[in-house]
>>> print(open('data-v3.txt').read())   # compact mmCIF, C-alpha atoms
# COMPACT_ATOMS: atom_id res chain seq x y z
CA MET S 13 54.03 -48.53 -52.43
CA LEU S 14 50.86 -46.45 -52.40
CA LYS S 15 49.23 -48.59 -55.06
CA GLU S 16 49.74 -51.80 -53.14
CA LYS S 17 48.47 -50.24 -49.91
CA ILE S 18 45.29 -49.08 -51.64
CA ARG S 19 44.75 -52.48 -53.23
CA GLU S 20 45.18 -54.16 -49.86
CA LEU S 21 42.79 -51.77 -48.15
CA SER S 22 40.16 -52.05 -50.88
CA GLY S 23 40.31 -55.81 -50.50
CA LYS S 24 39.88 -55.62 -46.74
CA ILE S 25 36.83 -53.35 -46.91
CA HIS S 26 35.20 -55.01 -49.91
CA GLY S 27 32.65 -56.82 -47.75
CA ASP S 28 31.73 -53.60 -45.97
CA VAL S 29 31.24 -51.77 -49.28
CA ILE S 30 28.93 -54.57 -50.41
CA THR S 31 26.98 -54.11 -47.17
CA HIS S 32 26.68 -50.37 -47.86
CA ARG S 33 25.53 -51.02 -51.40
CA ARG S 34 22.91 -53.59 -50.41
CA PHE S 35 21.49 -51.38 -47.68
CA LEU S 36 21.19 -48.47 -50.10
CA HIS S 37 19.76 -50.72 -52.80
CA SER S 38 17.12 -52.02 -50.38
CA ASN S 39 16.17 -48.51 -49.32
CA PRO S 40 16.05 -46.39 -52.50
CA GLU S 41 14.74 -42.85 -52.43
CA LEU S 42 13.61 -40.62 -55.28
CA SER S 43 15.24 -37.35 -56.33
CA PHE S 44 15.18 -34.61 -53.66
CA GLN S 45 13.84 -37.17 -51.15
CA GLU S 46 17.10 -38.89 -50.14
CA TYR S 47 16.71 -38.27 -46.40
CA GLN S 48 17.50 -41.79 -45.16
CA THR S 49 20.39 -42.05 -47.61
CA SER S 50 21.74 -38.72 -46.40
CA ALA S 51 21.47 -39.79 -42.75
CA TYR S 52 23.27 -43.05 -43.55
CA ILE S 53 26.15 -41.17 -45.21
CA LYS S 54 26.48 -38.69 -42.34
CA ALA S 55 26.52 -41.45 -39.74
CA TYR S 56 29.26 -43.34 -41.56
CA LEU S 57 31.38 -40.24 -42.08
CA ASP S 58 31.03 -39.55 -38.34
CA GLU S 59 32.18 -43.11 -37.65
CA LEU S 60 35.26 -42.51 -39.81
CA GLY S 61 35.97 -39.16 -38.15
CA ILE S 62 35.44 -37.23 -41.40
CA SER S 63 33.98 -33.74 -41.11
CA TRP S 64 30.96 -32.94 -43.26
CA GLU S 65 28.34 -30.31 -43.94
CA PRO S 66 24.84 -30.53 -45.45
CA MET S 67 24.11 -28.97 -48.79
CA ALA S 68 21.16 -28.84 -51.20
CA ASP S 69 18.88 -30.20 -48.46
CA THR S 70 19.81 -33.89 -48.72
CA GLY S 71 23.34 -33.51 -50.09
CA VAL S 72 26.47 -34.09 -47.99
CA VAL S 73 29.96 -32.68 -48.50
CA GLY S 74 32.86 -34.25 -46.59
CA LEU S 75 36.49 -33.17 -46.29
CA ILE S 76 39.55 -35.34 -45.77
CA ARG S 77 42.73 -33.35 -45.17
CA GLY S 78 46.06 -35.04 -45.70
CA GLU S 79 48.59 -34.46 -42.95
CA LYS S 80 51.46 -33.53 -45.28
CA PRO S 81 51.69 -29.91 -46.51
CA SER S 82 49.88 -29.23 -49.79
CA ASP S 83 47.27 -26.80 -51.09
CA ALA S 84 46.03 -29.21 -53.77
CA VAL S 85 42.33 -30.11 -53.69
CA VAL S 86 40.46 -32.81 -55.60
CA ALA S 87 36.70 -33.45 -55.47
CA LEU S 88 35.10 -36.89 -55.82
CA ARG S 89 31.41 -37.03 -56.68
CA ALA S 90 28.71 -39.67 -56.17
CA ASP S 91 24.99 -39.29 -56.84
CA MET S 92 22.39 -40.70 -54.43
CA ASP S 93 18.89 -40.84 -55.93
CA ALA S 94 16.87 -43.74 -57.33
CA LEU S 95 14.25 -44.09 -60.08
CA PRO S 96 10.46 -44.63 -60.13
CA ILE S 97 10.78 -48.26 -61.27
CA THR S 98 9.43 -51.44 -59.65
CA GLU S 99 12.28 -53.90 -59.16
CA ALA S 100 11.91 -57.35 -60.75
CA ASN S 101 15.09 -58.92 -59.33
CA ASP S 102 14.61 -61.76 -56.83
CA VAL S 103 17.54 -60.97 -54.52
CA SER S 104 17.93 -60.57 -50.76
CA TYR S 105 18.63 -56.86 -51.15
CA LYS S 106 15.62 -56.16 -53.38
CA SER S 107 14.02 -52.73 -53.00
CA ARG S 108 11.71 -52.44 -50.01
CA ASN S 109 10.13 -49.26 -51.34
CA PRO S 110 7.34 -50.12 -53.79
CA GLY S 111 7.79 -48.47 -57.17
CA VAL S 112 11.28 -47.14 -56.36
CA MET S 113 14.54 -48.80 -57.42
CA HIS S 114 18.25 -48.08 -57.72
CA ALA S 115 18.12 -48.95 -61.41
CA CYS S 116 20.91 -46.59 -62.47
CA GLY S 117 23.63 -47.65 -60.05
CA HIS S 118 23.65 -44.64 -57.76
CA ASP S 119 23.75 -47.06 -54.82
CA VAL S 120 27.03 -48.27 -56.33
CA HIS S 121 28.38 -44.75 -56.68
CA THR S 122 27.50 -43.79 -53.09
CA SER S 123 28.74 -47.00 -51.47
CA SER S 124 31.93 -46.81 -53.53
CA LEU S 125 32.64 -43.25 -52.39
CA LEU S 126 32.06 -44.31 -48.78
CA GLY S 127 34.66 -47.03 -49.31
CA THR S 128 37.05 -44.60 -50.97
CA ALA S 129 36.57 -42.22 -48.04
CA ARG S 130 37.53 -44.97 -45.62
CA ILE S 131 40.70 -45.75 -47.56
CA LEU S 132 41.72 -42.09 -47.80
CA GLN S 133 40.97 -41.38 -44.15
CA PHE S 134 43.18 -44.33 -43.15
CA LEU S 135 46.01 -43.05 -45.38
CA ARG S 136 45.75 -39.36 -44.50
CA SER S 137 49.11 -39.37 -42.69
CA GLU S 138 50.76 -40.39 -45.96
CA PHE S 139 49.52 -37.70 -48.33
CA GLY S 140 49.18 -33.96 -48.68
CA GLY S 141 46.22 -32.01 -49.94
CA THR S 142 42.48 -32.16 -49.45
CA VAL S 143 39.88 -34.55 -50.82
CA LYS S 144 36.34 -33.17 -51.05
CA LEU S 145 33.63 -35.84 -50.99
CA ILE S 146 30.49 -34.79 -52.85
CA PHE S 147 27.42 -36.91 -52.11
CA GLN S 148 24.92 -35.32 -54.48
CA PRO S 149 21.13 -35.63 -54.61
CA ALA S 150 18.79 -35.64 -57.58
CA GLU S 151 20.85 -36.49 -60.64
CA GLU S 152 17.75 -37.96 -62.27
CA LYS S 153 15.47 -34.93 -62.09
CA LEU S 154 15.69 -31.41 -63.44
CA PRO S 155 17.21 -29.02 -62.58
CA GLY S 156 19.71 -31.60 -61.30
CA GLY S 157 21.30 -31.71 -57.88
CA ALA S 158 24.68 -30.74 -59.33
CA SER S 159 23.40 -27.32 -60.40
CA ILE S 160 22.00 -26.68 -56.92
CA MET S 161 25.17 -27.78 -55.12
CA ILE S 162 27.31 -25.60 -57.37
CA ARG S 163 25.03 -22.65 -56.68
CA GLU S 164 25.33 -23.32 -52.94
CA GLY S 165 29.13 -23.37 -53.11
CA VAL S 166 30.25 -26.99 -53.39
CA LEU S 167 33.17 -25.91 -55.59
CA GLU S 168 34.35 -23.29 -53.11
CA ASN S 169 36.11 -23.24 -49.73
CA PRO S 170 38.22 -25.05 -50.79
CA ALA S 171 37.97 -24.90 -54.57
CA PRO S 172 38.99 -28.21 -56.18
CA ASP S 173 41.64 -28.39 -58.88
CA ALA S 174 39.70 -31.29 -60.42
CA VAL S 175 36.32 -33.01 -60.08
CA ILE S 176 36.22 -36.77 -60.65
CA GLY S 177 33.11 -38.91 -61.11
CA GLN S 178 32.38 -42.49 -62.05
CA HIS S 179 29.23 -44.21 -63.32
CA VAL S 180 28.29 -47.85 -63.82
CA MET S 181 28.28 -49.21 -67.38
CA PRO S 182 26.53 -52.57 -68.04
CA LEU S 183 28.25 -52.88 -71.43
CA ILE S 184 31.68 -53.16 -69.76
CA ASP S 185 32.83 -56.25 -67.86
CA ALA S 186 33.50 -55.95 -64.15
CA GLY S 187 37.18 -55.27 -63.55
CA LYS S 188 37.43 -52.79 -66.41
CA ILE S 189 36.61 -49.12 -66.91
CA GLY S 190 35.90 -46.95 -69.95
CA ILE S 191 37.03 -43.40 -70.55
CA ARG S 192 36.88 -40.68 -73.22
CA SER S 193 38.68 -37.36 -73.46
CA GLY S 194 36.86 -34.24 -74.65
CA LYS S 195 33.15 -34.04 -75.42
CA TYR S 196 31.48 -37.17 -74.08
CA MET S 197 27.77 -36.81 -73.21
CA ALA S 198 25.00 -34.68 -74.66
CA SER S 199 22.99 -31.77 -73.37
CA THR S 200 19.35 -32.67 -72.86
CA ASP S 201 16.28 -30.48 -73.22
CA GLU S 202 12.64 -31.42 -72.80
CA LEU S 203 10.11 -30.29 -75.41
CA TYR S 204 6.44 -29.70 -74.55
CA VAL S 205 4.24 -28.90 -77.54
CA THR S 206 0.51 -28.19 -77.78
CA VAL S 207 -1.04 -27.94 -81.25
CA LYS S 208 -4.47 -26.34 -81.31
CA GLY S 209 -7.08 -26.52 -84.04
CA LYS S 210 -10.83 -27.00 -84.28
CA GLY S 211 -12.26 -30.43 -83.62
CA GLY S 212 -15.30 -32.08 -85.12
CA HIS S 213 -16.63 -35.06 -87.02
CA GLY S 214 -14.03 -37.06 -88.91
CA ALA S 215 -16.37 -37.34 -91.88
CA GLN S 216 -16.53 -33.54 -92.25
CA PRO S 217 -12.86 -32.44 -92.39
CA GLN S 218 -13.78 -29.30 -94.31
CA GLN S 219 -15.47 -27.93 -91.18
CA ASN S 220 -12.46 -28.61 -88.93
CA ILE S 221 -8.87 -27.51 -88.42
CA ASP S 222 -7.21 -30.85 -87.86
CA PRO S 223 -4.51 -30.59 -85.12
CA VAL S 224 -3.54 -34.24 -85.70
CA LEU S 225 -2.52 -33.50 -89.27
CA ILE S 226 -0.75 -30.31 -88.16
CA ALA S 227 1.15 -32.19 -85.45
CA ALA S 228 2.19 -34.85 -87.97
CA HIS S 229 3.58 -32.17 -90.31
CA ILE S 230 5.43 -30.56 -87.39
CA ILE S 231 7.05 -33.83 -86.30
CA VAL S 232 8.27 -34.55 -89.82
CA ALA S 233 9.39 -30.99 -90.53
CA LEU S 234 11.34 -30.65 -87.32
CA GLN S 235 13.65 -33.47 -88.40
CA GLN S 236 15.22 -31.04 -90.88
CA VAL S 237 16.75 -29.36 -87.81
CA VAL S 238 18.87 -32.51 -87.52
CA SER S 239 19.29 -33.43 -91.19
CA ARG S 240 19.54 -30.03 -92.90
CA ILE S 241 20.24 -27.27 -90.38
CA ALA S 242 22.68 -28.88 -87.92
CA ASP S 243 26.32 -29.21 -88.90
CA PRO S 244 26.68 -32.87 -90.02
CA LYS S 245 29.84 -33.12 -87.92
CA LEU S 246 27.94 -32.16 -84.74
CA PRO S 247 25.90 -34.95 -83.11
CA THR S 248 22.27 -33.87 -82.76
CA VAL S 249 19.22 -35.90 -81.73
CA LEU S 250 15.55 -34.91 -81.82
CA SER S 251 12.93 -37.45 -80.72
CA PHE S 252 9.27 -37.29 -79.81
CA GLY S 253 8.14 -40.06 -77.49
CA LYS S 254 4.68 -38.90 -76.48
CA VAL S 255 1.83 -37.82 -78.73
CA ILE S 256 -1.72 -37.51 -77.36
CA ALA S 257 -4.59 -36.84 -79.75
CA ASN S 258 -7.57 -37.65 -77.59
CA GLY S 259 -10.16 -38.09 -80.31
CA ALA S 260 -11.71 -41.26 -81.72
CA THR S 261 -12.06 -43.09 -85.04
CA ASN S 262 -14.51 -40.49 -86.22
CA VAL S 263 -13.70 -37.60 -83.89
CA ILE S 264 -11.05 -35.00 -84.63
CA PRO S 265 -9.88 -33.45 -81.32
CA ASP S 266 -9.41 -29.76 -80.62
CA GLU S 267 -5.74 -30.17 -79.75
CA VAL S 268 -2.76 -32.52 -79.77
CA TYR S 269 -0.14 -32.66 -77.04
CA MET S 270 3.43 -33.84 -77.64
CA GLU S 271 6.58 -34.35 -75.61
CA GLY S 272 10.09 -34.86 -76.92
CA THR S 273 13.79 -34.48 -76.27
CA PHE S 274 16.54 -32.50 -77.99
CA ARG S 275 20.21 -33.34 -77.47
CA THR S 276 23.50 -32.06 -78.80
CA LEU S 277 27.12 -31.30 -77.91
CA ASP S 278 27.44 -27.55 -78.48
CA GLU S 279 25.84 -24.83 -76.38
CA THR S 280 25.69 -22.21 -79.15
CA TRP S 281 23.97 -24.58 -81.57
CA ARG S 282 21.71 -25.78 -78.75
CA ALA S 283 20.32 -22.27 -78.24
CA GLU S 284 19.98 -21.68 -81.98
CA ALA S 285 18.16 -24.99 -82.45
CA HIS S 286 15.60 -24.03 -79.81
CA LYS S 287 14.71 -20.92 -81.82
CA ARG S 288 14.61 -22.82 -85.12
CA MET S 289 12.31 -25.54 -83.77
CA LYS S 290 9.91 -23.06 -82.26
CA LYS S 291 9.76 -20.99 -85.45
CA ILE S 292 9.17 -24.04 -87.66
CA ALA S 293 6.44 -25.50 -85.44
CA GLU S 294 4.58 -22.22 -85.00
CA GLY S 295 4.87 -21.39 -88.68
CA ILE S 296 3.47 -24.73 -89.85
CA ALA S 297 0.56 -24.54 -87.42
CA GLU S 298 -0.30 -21.00 -88.50
CA SER S 299 -0.08 -21.86 -92.20
CA MET S 300 -2.57 -24.68 -91.68
CA GLY S 301 -5.03 -22.54 -89.72
CA GLY S 302 -4.10 -23.63 -86.23
CA SER S 303 -1.69 -22.54 -83.53
CA CYS S 304 1.19 -24.07 -81.60
CA GLU S 305 2.61 -23.53 -78.15
CA PHE S 306 6.22 -24.75 -78.27
CA ASN S 307 7.96 -24.79 -74.89
CA VAL S 308 11.52 -25.88 -74.16
CA MET S 309 12.61 -26.85 -70.66
CA ASN S 310 16.38 -26.48 -70.57
CA GLY S 311 18.05 -29.54 -69.12
CA TYR S 312 21.67 -30.44 -68.45
CA PRO S 313 24.52 -29.02 -70.56
CA PHE S 314 26.85 -31.30 -72.49
CA LEU S 315 29.55 -33.09 -70.55
CA VAL S 316 33.19 -32.51 -71.47
CA ASN S 317 36.15 -34.36 -69.99
CA GLU S 318 39.03 -31.89 -69.74
CA GLU S 319 41.74 -33.36 -71.94
CA LYS S 320 44.82 -32.94 -69.74
CA LEU S 321 43.08 -34.19 -66.60
CA THR S 322 41.46 -37.08 -68.45
CA GLY S 323 44.83 -38.07 -69.89
CA LEU S 324 46.22 -38.24 -66.38
CA VAL S 325 43.23 -40.22 -65.08
CA ARG S 326 43.70 -42.70 -67.92
CA GLU S 327 47.37 -42.99 -67.03
CA TYR S 328 46.55 -43.61 -63.36
CA ALA S 329 43.86 -46.15 -64.26
CA GLU S 330 46.19 -48.06 -66.58
CA ASP S 331 48.78 -48.13 -63.82
CA TYR S 332 46.27 -49.39 -61.24
CA LEU S 333 44.22 -51.81 -63.38
CA GLY S 334 46.50 -52.64 -66.29
CA LYS S 335 46.30 -51.06 -69.73
CA GLU S 336 44.14 -53.89 -71.09
CA ASN S 337 41.42 -53.03 -68.56
CA VAL S 338 41.03 -49.37 -69.59
CA LEU S 339 38.78 -49.09 -72.64
CA ASP S 340 38.11 -46.25 -75.09
CA LEU S 341 34.56 -44.89 -75.13
CA ASP S 342 32.65 -43.22 -77.94
CA ILE S 343 30.38 -40.18 -77.66
CA TRP S 344 27.14 -41.09 -75.88
CA MET S 345 23.97 -39.07 -76.45
CA ALA S 346 22.58 -39.76 -73.01
CA ALA S 347 22.86 -36.97 -70.44
CA GLU S 348 24.27 -36.53 -66.92
CA ASP S 349 24.13 -33.63 -64.51
CA PHE S 350 27.84 -34.16 -63.77
CA ALA S 351 28.04 -32.00 -66.91
CA TYR S 352 27.45 -28.94 -64.71
CA TYR S 353 30.75 -29.57 -62.93
CA SER S 354 32.50 -30.05 -66.27
CA GLN S 355 31.26 -26.66 -67.49
CA VAL S 356 32.85 -24.73 -64.61
CA ALA S 357 35.84 -26.85 -63.51
CA ASP S 358 38.38 -29.34 -64.85
CA ALA S 359 36.44 -32.59 -64.68
CA CYS S 360 36.68 -36.25 -65.65
CA PHE S 361 33.76 -38.69 -65.74
CA TYR S 362 34.57 -42.33 -66.46
CA ARG S 363 32.62 -45.59 -66.68
CA LEU S 364 32.82 -48.49 -64.25
CA GLY S 365 32.29 -51.97 -65.68
CA ILE S 366 29.73 -54.06 -63.79
CA ARG S 367 28.80 -56.74 -66.38
CA ASN S 368 29.08 -60.51 -65.82
CA GLU S 369 27.54 -62.54 -68.63
CA GLU S 370 28.16 -65.90 -66.92
CA ARG S 371 25.97 -64.78 -64.03
CA GLY S 372 23.39 -63.17 -66.29
CA ILE S 373 24.21 -59.64 -65.13
CA THR S 374 23.69 -57.84 -68.42
CA SER S 375 20.60 -55.63 -67.98
CA SER S 376 20.78 -52.00 -68.98
CA VAL S 377 20.41 -49.12 -66.56
CA HIS S 378 16.85 -47.80 -66.05
CA THR S 379 15.39 -51.32 -66.29
CA SER S 380 13.64 -53.38 -63.61
CA THR S 381 16.26 -56.16 -63.81
CA PHE S 382 19.38 -53.99 -63.49
CA ASP S 383 22.01 -55.39 -61.12
CA ILE S 384 25.79 -55.49 -60.82
CA ASP S 385 28.66 -57.89 -60.32
CA GLU S 386 29.69 -56.75 -56.85
CA ASN S 387 33.32 -57.59 -57.59
CA ALA S 388 33.26 -54.22 -59.35
CA LEU S 389 33.07 -52.55 -55.94
CA GLY S 390 36.69 -53.46 -55.33
CA VAL S 391 37.71 -51.58 -58.46
CA SER S 392 35.41 -48.62 -57.83
CA THR S 393 36.74 -47.88 -54.34
CA GLY S 394 40.43 -48.52 -54.86
CA LEU S 395 40.76 -46.87 -58.26
CA MET S 396 39.07 -43.66 -57.16
CA ALA S 397 41.32 -43.48 -54.08
CA TYR S 398 44.38 -44.01 -56.27
CA ILE S 399 43.27 -41.38 -58.81
CA ALA S 400 42.62 -38.87 -56.03
CA LEU S 401 46.00 -39.30 -54.39
CA LYS S 402 47.90 -39.28 -57.67
CA ARG S 403 46.06 -36.14 -58.73
CA LEU S 404 47.05 -34.50 -55.45
CA GLY S 405 50.68 -35.17 -56.36
CA ASN S 406 51.33 -38.12 -54.04
>>> encode(input="data-v3.txt", output="structure tokens")
Amino acid sequence: MLKEKIRELSGKIHGDVITHRRFLHSNPELSFQEYQTSAYIKAYLDELGISWEPMADTGVVGLIRGEKPSDAVVALRADMDALPITEANDVSYKSRNPGVMHACGHDVHTSSLLGTARILQFLRSEFGGTVKLIFQPAEEKLPGGASIMIREGVLENPAPDAVIGQHVMPLIDAGKIGIRSGKYMASTDELYVTVKGKGGHGAQPQQNIDPVLIAAHIIVALQQVVSRIADPKLPTVLSFGKVIANGATNVIPDEVYMEGTFRTLDETWRAEAHKRMKKIAEGIAESMGGSCEFNVMNGYPFLVNEEKLTGLVREYAEDYLGKENVLDLDIWMAAEDFAYYSQVADACFYRLGIRNEERGITSSVHTSTFDIDENALGVSTGLMAYIALKRLGN
């Protein structure tokens, strides 16, 4: 049976996938700088006899064509970039690039897709249809590599019937996956706010226009966008994580600078909220004698898992892993540029368990101690191959 063949093959190549992952982990590259990673992928695809083309500078798109007749096409996506974090793990495959680390598991995603490619290339005489391999740069940095690859035609020639992605999840034990149908992850926008007033001596407030006080009123007032303007049934998050008022104990500064994030799960409300926040901030500043420059940098859209496709992926995963190893996920207000694919094509994005409490592998993504139970690489390669072939109708 196909399932048993894939399991056997994923077992045989497990050591090689670990080798891929450790090489990539040792040699992380930041967003839009993944040149060595790209070269590594191209060389391995050449070794497997898989055709590829470059895209979005460092991106790579491979094609595996089954030898049986079928026009079906499925795309599998992996991201490639690392984060500006100094690794604290004491392991043989520790990052060799100071201040750069695969702290979000993109080394896992890329090495897994290389393993899946090897399985599918070996089985190509047994299936029909085409598998498109998307090795995507710059998930971690706006505007997101997904948006660039889509603009450059990654979903054309041939156009996939479905786009499948997976992402590590430290909250889930290795050997399991998590999945959710429908809206899953939030849009994310960056807020850059400058409040201007008139600085002076802290003991003479009557001679000043205090931008610190204005900024404080703005931060508090903007929370009504979440608590009083947003539909209570629609998840909405507004947070400010950076406030710079460069005065002193007795010095009121001329301006205050702030940075924040706005997240939600509806594109219409997202656009409306931008207008509301800007109007509130500018109005408060003006009413208190100052001014406010409120700028929004649009980030990724919200991610939606197409319900029919996701139902099938769940079915395939339960068949391959066992129903007890496929978990239900809740909405998560983090963001992912895979959302761009989900906005223009049927897409499914699921979570790969990598946790092992007995071995102390519990750190969250985006931390200096993040690591994985490499047994998860057997699941990540085989399951994605199985999902792809089942989706193609084999």
>>> closest_residue(input="data-v3.txt", among="S:Glu348, S:Glu267, S:Asp383, S:Asp93", to="Gly302 in chain S", atoms="only C-alpha atoms")
S:Glu267
>>> closest_residue(input="data-v3.txt", among="S:Leu225, S:Ile399, S:Ala186, S:Leu277", to="Thr374 in chain S", atoms="only C-alpha atoms")
S:Ala186
>>> atom_distance(input="data-v3.txt", atom1="CA of Gln218 in chain S", atom2="CA of Lys291 in chain S")
26.5 Å
>>> residues_around(input="data-v3.txt", residues="Arg33 in chain S", least_positions_apart="4", cutoff="9 Å", atoms="all atoms listed in the file", output="ChimeraX atom specification")
/S:28-29,37-38,119-124,386,389
>>> closest_residue(input="data-v3.txt", among="S:Tyr312, S:Trp281, S:Tyr328, S:Phe35", to="Ile241 in chain S", atoms="all atoms listed in the file")
S:Trp281
>>> atom_distance(input="data-v3.txt", atom1="CA of Ser137 in chain S", atom2="CA of Ile30 in chain S")
26.4 Å
>>> closest_residue(input="data-v3.txt", among="S:Ile162, S:Ile226, S:Ala233, S:Leu36", to="Ala297 in chain S", atoms="all atoms listed in the file")
S:Ile226
>>> residues_near_point(input="data-v3.txt", point="(17.0, -49.0, -64.4)", cutoff="10 Å", atoms="all atoms listed in the file", output="list in words")
Ala94, Leu95, Pro96, Ile97, Thr98, Glu99, Met113, His114, Ala115, Cys116, Gly117, Ser375, Ser376, Val377, His378, Thr379, Ser380, Thr381, Phe382 and Asp383 of chain S
>>> closest_residue(input="data-v3.txt", among="S:His32, S:Arg192, S:Arg89, S:Lys17", to="Gly323 in chain S", atoms="only C-alpha atoms")
S:Arg192
>>> closest_residue(input="data-v3.txt", among="S:Gly272, S:Pro223, S:Gly27, S:Gly187", to="Ala329 in chain S", atoms="all atoms listed in the file")
S:Gly187
>>> residues_around(input="data-v3.txt", residues="range 53-63 of chain S", least_positions_apart="2", cutoff="6 Å", atoms="all atoms listed in the file", output="VMD selection string")
chain S and resid 50 to 51 74 to 75
>>> atom_distance(input="data-v3.txt", atom1="CA of His213 in chain S", atom2="CA of Pro265 in chain S")
9.0 Å
>>> residues_around(input="data-v3.txt", residues="Phe44 in chain S", least_positions_apart="4", cutoff="9 Å", atoms="all atoms listed in the file", output="list in words")
Ala68, Asp69, Thr70, Gly71, Asp93, Pro149, Ala150, Lys153 and Gly157 of chain S
>>> write_last_selection(input="data-v3.txt", atoms="C-alpha atoms", output="compact mmCIF listing (two decimals), in the frame of the given file")
# COMPACT_ATOMS: atom_id res chain seq x y z
CA ALA S 68 21.16 -28.84 -51.20
CA ASP S 69 18.88 -30.20 -48.46
CA THR S 70 19.81 -33.89 -48.72
CA GLY S 71 23.34 -33.51 -50.09
CA ASP S 93 18.89 -40.84 -55.93
CA PRO S 149 21.13 -35.63 -54.61
CA ALA S 150 18.79 -35.64 -57.58
CA LYS S 153 15.47 -34.93 -62.09
CA GLY S 157 21.30 -31.71 -57.88
>>> residues_around(input="data-v3.txt", residues="Phe314 in chain S", least_positions_apart="2", cutoff="10 Å", atoms="only C-alpha atoms", output="list in words")
Lys195, Tyr196, Met197, Ala198, Ser199, Thr200, Arg275, Thr276, Leu277, Asp278, Glu279, Arg282, Gly311, Tyr312, Val316, Met345, Ala346, Ala347, Glu348, Asp349, Phe350, Ala351, Tyr352, Ser354 and Gln355 of chain S
>>> residues_around(input="data-v3.txt", residues="range 166-182 of chain S", least_positions_apart="2", cutoff="7 Å", atoms="all atoms listed in the file", output="MDAnalysis selection string")
chainID S and resid 84:90 117 121 161:162 164 184 357:367 374:376
>>> axis_aligned_box(input="data-v3.txt", around="range 205-215 of chain S", padding_each_side="4 Å", output="JSON")
{"center_x": -6.2, "center_y": -31.8, "center_z": -84.7, "size_x": 28.9, "size_y": 19.0, "size_z": 22.3}
